[in-house]
file start23.cif (mmCIF, C-alpha atoms and all ligand atoms)
data_input
#
loop_
_atom_site.label_atom_id
_atom_site.label_comp_id
_atom_site.auth_asym_id
_atom_site.auth_seq_id
_atom_site.Cartn_x
_atom_site.Cartn_y
_atom_site.Cartn_z
CA MET A 1 79.12 101.75 160.60
CA ARG A 2 77.11 98.55 160.49
CA PHE A 3 76.75 95.83 163.11
CA ASP A 4 75.18 92.43 162.46
CA ILE A 5 74.31 90.26 165.43
CA VAL A 6 73.72 86.52 165.09
CA THR A 7 71.81 85.13 168.05
CA ILE A 8 69.23 82.58 169.12
CA PHE A 9 67.51 85.33 171.16
CA PRO A 10 66.84 88.19 168.74
CA GLY A 11 64.19 89.55 171.13
CA PHE A 12 66.97 90.39 173.59
CA PHE A 13 67.94 93.37 171.44
CA ALA A 14 64.39 94.73 171.01
CA SER A 15 64.81 97.70 173.32
CA ILE A 16 68.48 97.72 174.10
CA PHE A 17 69.45 100.44 171.64
CA GLU A 18 66.36 102.55 172.19
CA ASN A 19 67.82 104.99 174.63
CA GLY A 20 70.12 107.98 174.75
CA ILE A 21 73.12 108.37 172.48
CA LEU A 22 72.68 104.99 170.79
CA ARG A 23 69.09 105.69 169.81
CA ARG A 24 70.15 109.00 168.28
CA ALA A 25 73.04 107.39 166.39
CA LEU A 26 70.65 104.85 164.89
CA ALA A 27 67.98 107.44 164.11
CA GLU A 28 70.54 109.62 162.36
CA GLY A 29 71.84 106.68 160.36
CA LEU A 30 75.38 107.01 161.72
CA VAL A 31 75.14 103.37 162.78
CA THR A 32 72.99 100.43 161.66
CA VAL A 33 72.31 97.35 163.77
CA GLU A 34 70.76 94.24 162.20
CA VAL A 35 69.78 91.27 164.34
CA HIS A 36 69.64 87.80 162.76
CA ASP A 37 67.78 84.88 164.33
CA LEU A 38 70.01 81.81 164.13
CA ARG A 39 66.95 79.54 164.18
CA ALA A 40 65.91 80.98 160.81
CA PHE A 41 68.82 79.00 159.36
CA THR A 42 67.70 75.59 160.58
CA HIS A 43 65.69 73.07 158.55
CA ASP A 44 64.06 70.75 161.06
CA ARG A 45 60.71 70.96 162.79
CA HIS A 46 62.27 71.89 166.13
CA ARG A 47 64.57 74.53 164.63
CA THR A 48 67.51 72.83 166.33
CA VAL A 49 70.62 74.97 166.80
CA ASP A 50 72.52 72.83 169.32
CA ASP A 51 73.78 69.30 169.80
CA ARG A 52 75.69 67.21 172.35
CA PRO A 53 79.46 67.67 172.61
CA PHE A 54 81.77 65.12 171.04
CA GLY A 55 83.82 63.45 173.75
CA GLY A 56 80.97 63.75 176.27
CA GLY A 57 80.66 66.18 179.12
CA GLU A 58 78.31 68.92 180.24
CA GLY A 59 75.86 70.89 178.19
CA MET A 60 75.21 71.47 174.54
CA VAL A 61 77.15 73.14 171.74
CA LEU A 62 75.88 75.47 169.00
CA LYS A 63 75.99 73.54 165.72
CA PRO A 64 78.12 74.90 162.91
CA GLU A 65 75.70 74.52 159.96
CA PRO A 66 73.09 77.16 160.95
CA LEU A 67 75.87 79.65 161.67
CA ALA A 68 77.52 78.97 158.31
CA GLU A 69 74.15 79.49 156.63
CA ALA A 70 73.59 82.70 158.54
CA PHE A 71 76.97 83.97 157.32
CA ALA A 72 76.18 82.90 153.75
CA SER A 73 72.89 84.82 153.92
CA LEU A 74 74.91 87.92 154.79
CA GLY A 75 77.31 87.23 151.92
CA ILE A 76 80.08 86.42 154.37
CA GLN A 77 82.54 83.86 153.09
CA PRO A 78 84.96 81.85 155.22
CA LYS A 79 87.80 84.13 156.29
CA ALA A 80 90.38 82.54 153.99
CA GLU A 81 88.29 83.63 150.99
CA ARG A 82 87.48 86.98 152.58
CA MET A 83 91.13 87.80 152.93
CA LYS A 84 91.92 86.74 149.35
CA SER A 85 89.26 88.63 147.46
CA THR A 86 89.93 92.32 147.10
CA GLY A 87 86.69 93.91 145.95
CA PHE A 88 84.48 91.58 147.96
CA SER A 89 81.38 93.21 149.35
CA PRO A 90 79.93 91.21 152.23
CA TYR A 91 76.60 92.94 151.93
CA ALA A 92 75.82 92.44 148.27
CA GLU A 93 72.19 93.48 148.67
CA ALA A 94 72.89 96.35 150.97
CA ALA A 95 75.47 97.62 148.52
CA THR A 96 72.75 98.19 145.94
CA GLU A 97 70.79 99.92 148.67
CA PRO A 98 73.49 101.93 150.36
CA ARG A 99 71.09 103.90 152.54
CA ALA A 100 70.74 100.76 154.63
CA LEU A 101 74.35 101.25 155.64
CA ALA A 102 75.09 104.91 155.47
CA PRO A 103 73.29 108.22 155.86
CA GLU A 104 72.65 110.49 152.91
CA GLY A 105 75.82 112.22 151.82
CA SER A 106 78.11 109.79 153.63
CA SER A 107 81.29 108.85 151.80
CA LEU A 108 80.30 105.21 152.43
CA GLN A 109 77.89 105.58 149.54
CA GLU A 110 80.65 106.41 147.09
CA PRO A 111 82.27 103.59 145.14
CA PRO A 112 84.28 101.53 145.76
CA PHE A 113 81.74 100.31 148.27
CA ALA A 114 83.34 97.14 149.48
CA PRO A 115 83.37 96.97 153.25
CA ARG A 116 84.95 93.87 154.72
CA PRO A 117 83.18 92.47 157.74
CA LEU A 118 85.12 91.74 160.84
CA VAL A 119 83.58 88.65 162.38
CA ILE A 120 83.81 88.53 166.16
CA LEU A 121 82.93 85.57 168.33
CA LEU A 122 81.89 86.57 171.84
CA SER A 123 83.62 84.17 174.19
CA ALA A 124 84.90 84.02 177.76
CA GLN A 125 88.06 82.58 176.20
CA GLY A 126 88.58 85.62 173.98
CA ARG A 127 91.07 88.44 174.13
CA PRO A 128 89.98 91.16 176.55
CA PHE A 129 87.78 93.90 175.10
CA THR A 130 89.33 97.25 175.98
CA GLN A 131 88.77 100.90 175.17
CA ALA A 132 91.83 100.79 172.89
CA LEU A 133 90.28 97.93 170.93
CA ALA A 134 86.93 99.75 170.83
CA ARG A 135 88.74 102.70 169.26
CA GLU A 136 90.28 100.44 166.61
CA LEU A 137 86.98 98.74 165.85
CA ALA A 138 85.17 102.09 165.57
CA ALA A 139 87.32 102.72 162.50
CA THR A 140 85.98 99.64 160.69
CA GLU A 141 82.81 99.65 158.60
CA CYS A 142 81.15 96.31 159.36
CA VAL A 143 81.32 94.17 162.46
CA VAL A 144 79.49 90.85 162.79
CA LEU A 145 78.97 89.62 166.35
CA VAL A 146 78.29 85.95 167.00
CA CYS A 147 76.55 85.26 170.31
CA GLY A 148 77.30 81.89 171.84
CA ARG A 149 74.99 80.00 174.20
CA TYR A 150 75.20 76.75 176.20
CA GLU A 151 78.81 75.51 176.29
CA GLY A 152 79.68 77.72 173.34
CA VAL A 153 80.00 77.50 169.56
CA ASP A 154 81.49 74.60 167.57
CA GLU A 155 85.16 75.57 167.34
CA ARG A 156 85.25 75.15 163.55
CA ILE A 157 83.10 78.28 163.20
CA ASN A 158 85.81 80.18 165.02
CA GLN A 159 88.49 78.62 162.84
CA LEU A 160 86.68 79.16 159.55
CA TYR A 161 84.92 82.50 159.94
CA CYS A 162 85.98 84.51 162.98
CA ASN A 163 88.65 87.19 162.94
CA MET A 164 88.80 87.33 166.71
CA GLU A 165 87.32 86.00 169.92
CA LEU A 166 86.38 88.74 172.38
CA SER A 167 85.77 88.54 176.10
CA ILE A 168 84.17 91.41 177.99
CA GLY A 169 85.64 90.29 181.30
CA ASP A 170 86.91 87.45 183.41
CA TYR A 171 83.55 85.93 184.24
CA VAL A 172 81.15 83.60 182.45
CA LEU A 173 77.85 84.93 181.10
CA SER A 174 75.04 82.64 180.08
CA GLY A 175 75.14 83.98 176.52
CA GLY A 176 76.95 86.32 174.17
CA GLU A 177 74.00 88.73 173.81
CA LEU A 178 74.89 90.96 176.77
CA ALA A 179 78.50 90.94 175.65
CA ALA A 180 77.49 91.94 172.10
CA ALA A 181 75.43 94.81 173.50
CA VAL A 182 78.38 95.97 175.61
CA VAL A 183 80.77 95.79 172.65
CA ILE A 184 78.37 97.67 170.35
CA ASP A 185 77.69 100.36 172.95
CA ALA A 186 81.39 100.99 173.55
CA ILE A 187 82.26 101.06 169.82
CA MET A 188 79.24 103.01 168.67
CA ARG A 189 79.87 106.03 170.85
CA LEU A 190 83.34 106.34 169.30
CA VAL A 191 82.00 106.46 165.73
CA PRO A 192 82.61 109.99 164.44
CA GLY A 193 79.55 112.17 164.94
CA VAL A 194 77.88 110.00 167.58
CA LEU A 195 79.10 111.88 170.67
CA GLY A 196 78.26 115.56 170.51
CA ASN A 197 81.78 116.60 171.41
CA GLU A 198 84.37 114.55 169.52
CA ALA A 199 86.99 115.22 172.16
CA SER A 200 84.94 113.93 175.08
CA SER A 201 85.88 110.28 174.62
CA GLU A 202 89.53 111.25 174.84
CA PHE A 203 89.06 112.78 178.24
CA GLU A 204 87.29 109.93 179.96
CA SER A 205 88.59 106.76 181.61
CA PHE A 206 91.19 104.90 179.51
CA GLY A 207 91.47 108.02 177.30
CA VAL A 208 94.20 108.30 174.71
CA ALA A 209 97.69 109.40 175.69
CA ASP A 210 98.24 113.13 176.15
CA ALA A 211 100.47 113.36 173.11
CA GLU A 212 97.69 112.07 170.85
CA ILE A 213 95.34 114.87 171.80
CA ALA A 214 95.56 117.77 169.42
CA ASN A 215 92.72 119.93 170.70
CA ALA A 216 93.15 119.92 174.47
CA GLU A 217 93.53 123.67 174.66
CA ASP A 218 89.88 124.68 174.44
CA GLY A 219 89.95 126.31 177.83
CA VAL A 220 87.85 123.66 179.56
CA PRO A 221 89.69 122.41 182.62
CA ARG A 222 89.23 118.69 182.23
CA SER A 223 92.04 116.44 183.27
CA GLN A 224 95.51 117.91 183.01
CA HIS A 225 95.53 116.57 179.47
CA GLY A 226 93.92 113.33 178.26
CA ALA A 227 93.28 110.54 180.69
CA GLY A 228 96.49 108.99 179.33
CA GLY A 229 95.23 105.52 180.15
CA LEU A 230 94.13 106.45 183.68
CA LEU A 231 90.65 106.26 185.16
CA ASP A 232 88.48 109.37 185.10
CA TYR A 233 88.34 111.81 188.02
CA PRO A 234 85.18 112.13 190.17
CA HIS A 235 82.44 114.42 188.87
CA TYR A 236 80.12 116.69 190.88
CA THR A 237 77.08 118.83 190.08
CA ARG A 238 74.66 120.98 192.07
CA PRO A 239 73.86 121.25 194.94
CA ALA A 240 77.26 122.18 196.37
CA ASP A 241 76.16 120.62 199.69
CA PHE A 242 74.49 117.20 199.69
CA CYS A 243 73.78 115.20 202.86
CA GLY A 244 76.49 117.16 204.63
CA LEU A 245 79.07 116.44 201.93
CA ARG A 246 80.46 119.54 200.27
CA VAL A 247 81.86 119.60 196.75
CA PRO A 248 85.66 120.02 196.97
CA GLU A 249 86.41 123.76 197.28
CA THR A 250 88.88 123.67 194.39
CA LEU A 251 86.07 122.99 191.94
CA LEU A 252 84.16 126.05 193.14
CA ASN A 253 86.92 128.63 193.04
CA GLY A 254 87.20 129.02 189.23
CA ASP A 255 91.00 128.66 189.14
CA HIS A 256 91.41 126.49 186.04
CA SER A 257 94.98 125.43 186.61
CA GLU A 258 94.20 124.46 190.20
CA ILE A 259 91.16 122.50 188.96
CA ARG A 260 93.32 120.70 186.39
CA ARG A 261 95.86 119.78 189.05
CA TRP A 262 93.15 118.57 191.42
CA ARG A 263 91.51 116.45 188.74
CA ARG A 264 94.79 114.90 187.69
CA GLU A 265 95.56 114.00 191.31
CA GLN A 266 92.09 112.43 191.64
CA GLN A 267 92.70 110.35 188.49
CA LEU A 268 95.95 109.11 189.96
CA ARG A 269 94.30 108.36 193.31
CA LYS A 270 91.42 106.42 191.72
CA THR A 271 93.68 104.49 189.39
CA LEU A 272 96.07 103.61 192.20
CA ALA A 273 93.19 102.47 194.41
CA ASN A 274 91.07 100.61 191.86
CA ARG A 275 93.27 99.70 188.88
CA PRO A 276 96.96 99.93 189.83
CA ASP A 277 97.74 97.74 186.78
CA LEU A 278 96.82 100.68 184.49
CA LEU A 279 99.61 102.82 185.92
CA GLU A 280 102.22 100.68 184.18
CA GLY A 281 100.95 101.57 180.70
CA ALA A 282 99.85 105.14 181.49
CA THR A 283 101.52 108.30 180.24
CA LEU A 284 102.90 109.79 183.45
CA SER A 285 104.72 113.09 183.82
CA LYS A 286 107.39 113.79 186.42
CA GLU A 287 104.74 115.66 188.41
CA ASP A 288 102.38 112.66 188.21
CA ARG A 289 105.07 110.44 189.65
CA LYS A 290 105.66 112.89 192.49
CA ILE A 291 101.94 112.96 193.26
CA LEU A 292 101.81 109.15 193.20
CA ASP A 293 104.75 108.94 195.60
CA ALA A 294 102.96 111.34 197.94
CA ILE A 295 99.72 109.33 197.76
CA ARG A 296 101.58 106.09 198.45
CA GLY A 297 103.32 107.82 201.35
CA GLU A 298 99.94 108.66 202.92
CA THR A 299 99.07 104.98 203.34
CA GLU A 300 102.47 103.87 204.63
N1 LIG B 1 82.02 76.95 178.16
C1 LIG B 1 82.37 78.34 178.04
C2 LIG B 1 83.62 78.62 178.83
O1 LIG B 1 83.83 78.00 179.89
O2 LIG B 1 84.40 79.50 178.41
C3 LIG B 1 81.27 79.23 178.56
C4 LIG B 1 80.09 79.31 177.66
S1 LIG B 1 78.95 80.55 178.16
C5 LIG B 1 77.92 79.69 179.30
C6 LIG B 1 77.90 80.76 176.76
C7 LIG B 1 78.28 81.92 175.86
O3 LIG B 1 78.25 83.14 176.56
C8 LIG B 1 79.64 81.87 175.23
O4 LIG B 1 79.68 81.02 174.11
C9 LIG B 1 79.88 83.31 174.87
O5 LIG B 1 79.30 83.66 173.63
C10 LIG B 1 79.15 84.06 175.98
N2 LIG B 1 80.06 84.54 177.03
C11 LIG B 1 80.19 84.04 178.27
N3 LIG B 1 81.08 84.74 178.97
C12 LIG B 1 81.53 85.72 178.16
C13 LIG B 1 82.46 86.76 178.32
N4 LIG B 1 83.13 86.94 179.46
N5 LIG B 1 82.69 87.60 177.29
C14 LIG B 1 82.03 87.41 176.11
N6 LIG B 1 81.12 86.45 175.90
C15 LIG B 1 80.87 85.61 176.91
#

call {"tool": "encode", "arguments": {"input": "start23.cif", "output": "structure tokens", "more": "lines below"}}
Ligand code: SAM
result
Amino acid sequence: MRFDIVTIFPGFFASIFENGILRRALAEGLVTVEVHDLRAFTHDRHRTVDDRPFGGGEGMVLKPEPLAEAFASLGIQPKAERMKSTGFSPYAEAATEPRALAPEGSSLQEPPFAPRPLVILLSAQGRPFTQALARELAATECVVLVCGRYEGVDERINQLYCNMELSIGDYVLSGGELAAAVVIDAIMRLVPGVLGNEASSEFESFGVADAEIANAEDGVPRSQHGAGGLLDYPHYTRPADFCGLRVPETLLNGDHSEIRRWRREQQLRKTLANRPDLLEGATLSKEDRKILDAIRGETE
């Protein structure tokens, strides 16, 4: 999978993918990240990327021309054309050098090699970025992330080029760079081969519904099944006693079905306490509902 980031602060990304799982994914060629300096697509002495807003008001707005040029340099046409053309390869140069995009032996190197880029504008006004969306995006080949600054990006860039606007939360950041890093991190770890254990992303917070998990029966007592849209349960490691707090006995007694039950109850407790909204869309069994009623009863 390939990510392209368009930003006025390319230096922001210098060390951000140099740790842990992401570093390994890049080193192994499972994922490629290219950062493009928006100022490289300006033509004046001051390398101007912004201008005052029409209609007056606060701040500055990122001009459309440098962004359009940045897209053109990547071979990215306006979305109307992108949708029309069938065999369009957005990375014409990379396509002749497929190793830039895919590791040796990857099926991405086989023709037809015509990945379509999904252009995403990072924006506080965007649709919420969720784990479900991260899963969908992990199945695409090329994602282009446009980082706004100041008051944002000239809206015509959104209209002409962007497939979606994405928000990473209901707050305003000073730029799209942190948001792009968050989006890439969450997607990247879902790309096949990046996490050591393919199943592990299914068993964490916001995991897929139980019914979608085919390989839950590997004997490891994780949650009862998948997280089913719930938050994860609490995790503990050694020592069993820390600052007078003992690890819950259930986790020490080796009874797998008891551990599963305990973990499921903890997921329900955490979700009810921190994200009750998730319970509406979660896959809940009859037993889950009973447990929830009991937990609610405790506080009444
Ligand atoms: N005027 C904009 C508004 O009120 O929605 C805020 C602009 S913000 C200061 C500058 C840039 O940061 C945005 O163009 C966007 O790229 C990024 N940004 C800010 N908050 C974000 C969020 N919650 N999710 C994703 N990107 C965000």

call {"tool": "closest_residue", "arguments": {"input": "start23.cif", "among": "A:Cys147, A:Ala25, A:Ile259, A:Ala138", "to": "ligand LIG 1 (chain B)", "atoms": "all atoms listed in the file"}}
result
A:Cys147

call {"tool": "closest_residue", "arguments": {"input": "start23.cif", "among": "A:Ala181, A:Met164, A:Leu245, A:Leu279", "to": "Phe12 of chain A", "atoms": "only C-alpha atoms"}}
result
A:Ala181

call {"tool": "atom_distance", "arguments": {"input": "start23.cif", "atom1": "atom CA of His256 of chain A", "atom2": "atom CA of Ser285 of chain A"}}
result
19.0 Å

call {"tool": "residues_near_ligand", "arguments": {"input": "start23.cif", "ligand": "ligand LIG 1 (chain B)", "cutoff": "12 Å", "atoms": "only C-alpha atoms and all ligand atoms", "output": "ChimeraX atom specification"}}
result
/A:5-8,50,53,57-63,120-130,145-155,157-158,164-183

call {"tool": "atom_distance", "arguments": {"input": "start23.cif", "atom1": "atom CA of Ser201 of chain A", "atom2": "atom CA of Ile295 of chain A"}}
result
27.0 Å

call {"tool": "closest_residue", "arguments": {"input": "start23.cif", "among": "A:Asp293, A:Asp255, A:Asp288, A:Asp185", "to": "Leu230 of chain A", "atoms": "all atoms listed in the file"}}
result
A:Asp288

call {"tool": "atom_distance", "arguments": {"input": "start23.cif", "atom1": "atom CA of Leu38 of chain A", "atom2": "atom CA of Ala68 of chain A"}}
result
9.9 Å
